[in-house]
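Participant: Okay, so here is coords_11.cif, and as you'll see once you scroll down, it has mmCIF, N, CA and C atoms.
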```
data_input
loop_
_atom_site.label_atom_id
_atom_site.label_comp_id
_atom_site.auth_asym_id
_atom_site.auth_seq_id
_atom_site.Cartn_x
_atom_site.Cartn_y
_atom_site.Cartn_z
N MET A 1251 44.49 -14.79 -96.31
CA MET A 1251 45.34 -14.47 -97.45
C MET A 1251 46.81 -14.44 -97.05
N LEU A 1252 47.12 -13.94 -95.85
CA LEU A 1252 48.51 -13.92 -95.39
C LEU A 1252 49.05 -15.34 -95.30
N GLY A 1253 48.23 -16.25 -94.82
CA GLY A 1253 48.64 -17.66 -94.72
C GLY A 1253 48.89 -18.27 -96.09
N ASP A 1254 48.04 -17.94 -97.06
CA ASP A 1254 48.21 -18.45 -98.42
C ASP A 1254 49.52 -17.94 -99.01
N LEU A 1255 49.80 -16.69 -98.77
CA LEU A 1255 51.03 -16.08 -99.27
C LEU A 1255 52.25 -16.76 -98.63
N ARG A 1256 52.17 -16.99 -97.33
CA ARG A 1256 53.26 -17.66 -96.61
C ARG A 1256 53.48 -19.07 -97.18
N ARG A 1257 52.41 -19.83 -97.33
CA ARG A 1257 52.54 -21.20 -97.85
C ARG A 1257 53.12 -21.21 -99.26
N PHE A 1258 52.70 -20.26 -100.08
CA PHE A 1258 53.21 -20.19 -101.45
C PHE A 1258 54.70 -19.93 -101.46
N LEU A 1259 55.15 -18.94 -100.68
CA LEU A 1259 56.58 -18.61 -100.65
C LEU A 1259 57.41 -19.75 -100.09
N ILE A 1260 56.92 -20.39 -99.04
CA ILE A 1260 57.65 -21.52 -98.46
C ILE A 1260 57.73 -22.66 -99.47
N GLY A 1261 56.62 -22.91 -100.15
CA GLY A 1261 56.58 -23.99 -101.14
C GLY A 1261 57.52 -23.77 -102.31
N ARG A 1262 57.68 -22.54 -102.71
CA ARG A 1262 58.58 -22.24 -103.82
C ARG A 1262 60.04 -22.41 -103.42
N GLY A 1263 60.38 -21.96 -102.24
CA GLY A 1263 61.75 -22.11 -101.76
C GLY A 1263 62.79 -21.27 -102.46
N GLU A 1264 62.37 -20.42 -103.36
CA GLU A 1264 63.28 -19.53 -104.08
C GLU A 1264 62.60 -18.17 -104.23
N PRO A 1265 63.36 -17.14 -104.55
CA PRO A 1265 62.74 -15.82 -104.72
C PRO A 1265 61.66 -15.82 -105.80
N VAL A 1266 60.59 -15.08 -105.53
CA VAL A 1266 59.46 -14.98 -106.44
C VAL A 1266 59.22 -13.50 -106.71
N SER A 1267 58.97 -13.15 -107.96
CA SER A 1267 58.76 -11.75 -108.30
C SER A 1267 57.41 -11.26 -107.79
N LEU A 1268 57.35 -9.97 -107.54
CA LEU A 1268 56.10 -9.35 -107.12
C LEU A 1268 55.04 -9.52 -108.20
N GLN A 1269 55.45 -9.43 -109.45
CA GLN A 1269 54.53 -9.61 -110.58
C GLN A 1269 53.92 -11.01 -110.57
N GLU A 1270 54.77 -12.01 -110.33
CA GLU A 1270 54.29 -13.39 -110.32
C GLU A 1270 53.32 -13.61 -109.16
N LEU A 1271 53.65 -13.05 -108.00
CA LEU A 1271 52.76 -13.20 -106.84
C LEU A 1271 51.41 -12.54 -107.11
N ALA A 1272 51.43 -11.34 -107.69
CA ALA A 1272 50.18 -10.64 -108.00
C ALA A 1272 49.34 -11.43 -109.00
N ALA A 1273 49.98 -12.00 -110.00
CA ALA A 1273 49.25 -12.80 -110.99
C ALA A 1273 48.70 -14.08 -110.36
N HIS A 1274 49.50 -14.74 -109.54
CA HIS A 1274 49.08 -16.00 -108.92
C HIS A 1274 47.85 -15.79 -108.03
N PHE A 1275 47.87 -14.73 -107.23
CA PHE A 1275 46.78 -14.47 -106.29
C PHE A 1275 45.69 -13.56 -106.86
N ASP A 1276 45.86 -13.15 -108.13
CA ASP A 1276 44.89 -12.29 -108.81
C ASP A 1276 44.58 -11.04 -107.99
N ARG A 1277 45.66 -10.37 -107.57
CA ARG A 1277 45.56 -9.15 -106.76
C ARG A 1277 46.49 -8.10 -107.36
N GLU A 1278 46.27 -6.86 -107.00
CA GLU A 1278 47.16 -5.78 -107.40
C GLU A 1278 48.52 -5.95 -106.73
N GLU A 1279 49.57 -5.52 -107.41
CA GLU A 1279 50.91 -5.61 -106.84
C GLU A 1279 51.01 -4.85 -105.53
N SER A 1280 50.33 -3.70 -105.45
CA SER A 1280 50.39 -2.91 -104.22
C SER A 1280 49.76 -3.66 -103.04
N ALA A 1281 48.71 -4.44 -103.29
CA ALA A 1281 48.08 -5.22 -102.22
C ALA A 1281 49.02 -6.33 -101.75
N ILE A 1282 49.65 -7.01 -102.70
CA ILE A 1282 50.60 -8.07 -102.35
C ILE A 1282 51.79 -7.48 -101.59
N ALA A 1283 52.29 -6.33 -102.05
CA ALA A 1283 53.42 -5.68 -101.38
C ALA A 1283 53.06 -5.33 -99.94
N GLY A 1284 51.83 -4.89 -99.72
CA GLY A 1284 51.39 -4.58 -98.36
C GLY A 1284 51.39 -5.81 -97.47
N MET A 1285 50.92 -6.93 -98.01
CA MET A 1285 50.92 -8.18 -97.23
C MET A 1285 52.34 -8.65 -96.97
N LEU A 1286 53.20 -8.51 -97.97
CA LEU A 1286 54.59 -8.92 -97.79
C LEU A 1286 55.28 -8.07 -96.72
N SER A 1287 54.90 -6.80 -96.65
CA SER A 1287 55.53 -5.93 -95.65
C SER A 1287 55.21 -6.40 -94.23
N HIS A 1288 54.04 -7.01 -94.05
CA HIS A 1288 53.69 -7.60 -92.75
C HIS A 1288 54.72 -8.66 -92.35
N TRP A 1289 55.03 -9.56 -93.29
CA TRP A 1289 55.99 -10.64 -93.00
C TRP A 1289 57.40 -10.09 -92.91
N GLN A 1290 57.71 -9.02 -93.65
CA GLN A 1290 59.04 -8.41 -93.56
C GLN A 1290 59.26 -7.82 -92.16
N ARG A 1291 58.27 -7.14 -91.63
CA ARG A 1291 58.40 -6.55 -90.28
C ARG A 1291 58.65 -7.62 -89.23
N LYS A 1292 58.13 -8.80 -89.47
CA LYS A 1292 58.32 -9.91 -88.53
C LYS A 1292 59.63 -10.66 -88.80
N GLY A 1293 60.36 -10.25 -89.84
CA GLY A 1293 61.63 -10.89 -90.15
C GLY A 1293 61.49 -12.24 -90.84
N MET A 1294 60.36 -12.48 -91.46
CA MET A 1294 60.10 -13.78 -92.10
C MET A 1294 60.30 -13.77 -93.61
N VAL A 1295 60.25 -12.57 -94.21
CA VAL A 1295 60.38 -12.44 -95.66
C VAL A 1295 61.50 -11.47 -95.98
N GLU A 1296 62.27 -11.84 -97.00
CA GLU A 1296 63.36 -10.99 -97.46
C GLU A 1296 62.99 -10.38 -98.81
N HIS A 1297 63.22 -9.09 -98.94
CA HIS A 1297 62.99 -8.37 -100.19
C HIS A 1297 64.32 -8.31 -100.94
N ILE A 1298 64.29 -8.67 -102.22
CA ILE A 1298 65.50 -8.67 -103.03
C ILE A 1298 65.21 -7.84 -104.28
N GLU A 1299 66.00 -6.78 -104.46
CA GLU A 1299 65.87 -5.99 -105.69
C GLU A 1299 66.83 -6.57 -106.71
N VAL A 1300 66.30 -6.95 -107.84
CA VAL A 1300 67.11 -7.55 -108.89
C VAL A 1300 67.22 -6.54 -110.03
N GLY A 1301 68.44 -6.25 -110.39
CA GLY A 1301 68.67 -5.35 -111.51
C GLY A 1301 69.73 -5.93 -112.42
N CYS A 1302 69.37 -6.16 -113.63
CA CYS A 1302 70.32 -6.72 -114.58
C CYS A 1302 70.62 -5.65 -115.62
N ALA A 1303 71.84 -5.19 -115.63
CA ALA A 1303 72.23 -4.13 -116.56
C ALA A 1303 72.14 -4.60 -118.01
N GLN A 1304 72.40 -5.90 -118.23
CA GLN A 1304 72.40 -6.40 -119.61
C GLN A 1304 71.02 -6.85 -120.07
N ALA A 1305 70.24 -7.38 -119.14
CA ALA A 1305 68.91 -7.92 -119.47
C ALA A 1305 68.96 -8.75 -120.74
N CYS A 1306 69.94 -9.66 -120.78
CA CYS A 1306 70.16 -10.46 -121.98
C CYS A 1306 69.16 -11.60 -122.13
N GLY A 1307 68.44 -11.89 -121.06
CA GLY A 1307 67.48 -12.99 -121.15
C GLY A 1307 68.13 -14.35 -120.98
N GLY A 1308 69.37 -14.38 -120.56
CA GLY A 1308 70.08 -15.65 -120.39
C GLY A 1308 69.70 -16.40 -119.13
N CYS A 1309 68.97 -15.77 -118.25
CA CYS A 1309 68.53 -16.46 -117.03
C CYS A 1309 67.10 -16.02 -116.72
N ASP A 1310 66.48 -16.72 -115.78
CA ASP A 1310 65.10 -16.38 -115.46
C ASP A 1310 64.98 -15.10 -114.64
N ARG A 1311 66.11 -14.51 -114.24
CA ARG A 1311 66.11 -13.26 -113.50
C ARG A 1311 66.66 -12.12 -114.38
N GLY A 1312 66.50 -12.26 -115.69
CA GLY A 1312 67.08 -11.31 -116.62
C GLY A 1312 66.49 -9.92 -116.57
N GLN A 1313 65.34 -9.76 -115.97
CA GLN A 1313 64.74 -8.44 -115.91
C GLN A 1313 64.81 -7.92 -114.48
N SER A 1314 64.83 -6.61 -114.37
CA SER A 1314 64.88 -6.03 -113.04
C SER A 1314 63.50 -6.12 -112.39
N GLY A 1315 63.49 -6.00 -111.08
CA GLY A 1315 62.22 -6.04 -110.38
C GLY A 1315 62.40 -6.38 -108.92
N ASP A 1316 61.29 -6.51 -108.26
CA ASP A 1316 61.27 -6.85 -106.84
C ASP A 1316 60.96 -8.33 -106.68
N TYR A 1317 61.78 -8.99 -105.91
CA TYR A 1317 61.59 -10.41 -105.61
C TYR A 1317 61.53 -10.58 -104.10
N TYR A 1318 60.82 -11.61 -103.69
CA TYR A 1318 60.66 -11.89 -102.26
C TYR A 1318 60.89 -13.37 -102.03
N ARG A 1319 61.44 -13.67 -100.85
CA ARG A 1319 61.59 -15.08 -100.49
C ARG A 1319 61.35 -15.22 -99.00
N TRP A 1320 60.82 -16.38 -98.64
CA TRP A 1320 60.58 -16.71 -97.24
C TRP A 1320 61.92 -17.11 -96.64
N ILE A 1321 62.22 -16.60 -95.47
CA ILE A 1321 63.46 -16.94 -94.79
C ILE A 1321 63.20 -18.21 -94.01
N LEU A 1322 63.68 -19.32 -94.54
CA LEU A 1322 63.36 -20.62 -93.99
C LEU A 1322 63.90 -20.84 -92.58
N SER A 1323 64.97 -20.15 -92.23
CA SER A 1323 65.54 -20.34 -90.90
C SER A 1323 64.77 -19.56 -89.84
N ALA A 1324 63.89 -18.67 -90.27
CA ALA A 1324 63.14 -17.87 -89.31
C ALA A 1324 62.12 -18.74 -88.59
N GLN A 1325 62.11 -18.64 -87.31
CA GLN A 1325 61.16 -19.40 -86.50
C GLN A 1325 60.11 -18.44 -85.95
N PRO A 1326 58.85 -18.83 -85.99
CA PRO A 1326 57.83 -17.95 -85.44
C PRO A 1326 58.01 -17.80 -83.94
N VAL A 1327 57.62 -16.64 -83.47
CA VAL A 1327 57.70 -16.38 -82.04
C VAL A 1327 56.60 -17.18 -81.35
N ARG A 1328 56.97 -17.93 -80.34
CA ARG A 1328 55.99 -18.70 -79.59
C ARG A 1328 55.70 -17.99 -78.29
N LEU A 1329 54.44 -17.77 -78.07
CA LEU A 1329 54.03 -17.09 -76.86
C LEU A 1329 53.83 -18.11 -75.75
N ILE A 1330 54.36 -17.80 -74.60
CA ILE A 1330 54.20 -18.67 -73.45
C ILE A 1330 53.07 -18.11 -72.60
N PRO A 1331 52.07 -18.92 -72.31
CA PRO A 1331 50.96 -18.40 -71.52
C PRO A 1331 51.41 -18.06 -70.11
N LEU A 1332 50.87 -16.97 -69.60
CA LEU A 1332 51.18 -16.57 -68.24
C LEU A 1332 50.34 -17.38 -67.27
N VAL A 1333 51.00 -17.90 -66.27
CA VAL A 1333 50.31 -18.68 -65.26
C VAL A 1333 50.53 -17.97 -63.93
N CYS A 1334 49.47 -17.76 -63.23
CA CYS A 1334 49.57 -17.07 -61.95
C CYS A 1334 50.27 -18.01 -60.95
N SER A 1335 51.30 -17.49 -60.29
CA SER A 1335 52.05 -18.32 -59.35
C SER A 1335 51.43 -18.35 -57.97
N GLU A 1336 50.46 -17.46 -57.76
CA GLU A 1336 49.79 -17.45 -56.46
C GLU A 1336 48.66 -18.46 -56.47
N ARG A 1337 48.61 -19.25 -55.43
CA ARG A 1337 47.52 -20.22 -55.33
C ARG A 1337 46.45 -19.69 -54.40
N GLU A 1338 45.25 -19.91 -54.78
CA GLU A 1338 44.14 -19.42 -53.96
C GLU A 1338 43.74 -20.43 -52.93
#
```
Since I need it in another form, could you write the structure as structure tokens?

Facilitator:
Amino acid sequence: MLGDLRRFLIGRGEPVSLQELAAHFDREESAIAGMLSHWQRKGMVEHIEVGCAQACGGCDRGQSGDYYRWILSAQPVRLIPLVCSERE
């Protein structure tokens, strides 16, 4: 599920609301938020609080809420295998 969430956010390339993510994956918002927090701790996802005082509906972000986006410049940490330098 974490991989699906990652692929979805990368594919969108723009902030996605928590509501939209919950609806897309047919999960509770709290479950999606928990998964997103995993990627946030790793520095891969950015949380954006959107608040529109006017809520005029003039843009697709007209309502307040929580949005998330994948940080495209973030590179996953690559582990280097340890090799014993002593030869037997």

Participant: Taking the file as I've supplied it (selection: the PyMOL selection byres (((chain A and resi 1321 and name CA) around 12) and name CA)), which residues are included? Please answer as a ChimeraX atom specification.

Facilitator: /A:1256,1259-1265,1289-1290,1292-1298,1318-1320,1322-1326

Participant: Have a look at CA of Leu1252 (chain A) and atom N of Glu1299 (chain A) and let me know their distance in Å, one decimal.

Facilitator: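 Rounded to one decimal, the two atoms are 21.0 Å apart.
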
Participant: When you draw a straight line from atom N of Val1266 (chain A) to atom N of Met1251 (chain A), how long is it in Å?

Facilitator: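 Going from atom N of Val1266 (chain A) over to atom N of Met1251 (chain A), I get 18.6 Å.
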
Participant: So the first atom is atom C of Leu1286 (chain A) and the second is CA of Leu1255 (chain A); what is the distance between them in Å, to one decimal place?

Facilitator: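 Taking atom C of Leu1286 (chain A) and CA of Leu1255 (chain A), their separation equals 9.4 Å.
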
Participant: Based on the backbone DSSP call, show me all residues of region 1256-1300 of chain A assigned strand (DSSP E), as a PyMOL selection string.

Facilitator: chain A and resi 1266-1267+1295-1300

Participant: Which residue, A:His1288, A:Gly1315, A:Ala1283, A:Ala1273, has the smallest gap to Val1300 (chain A) when you use all atoms listed in the file?

Facilitator: A:Gly1315
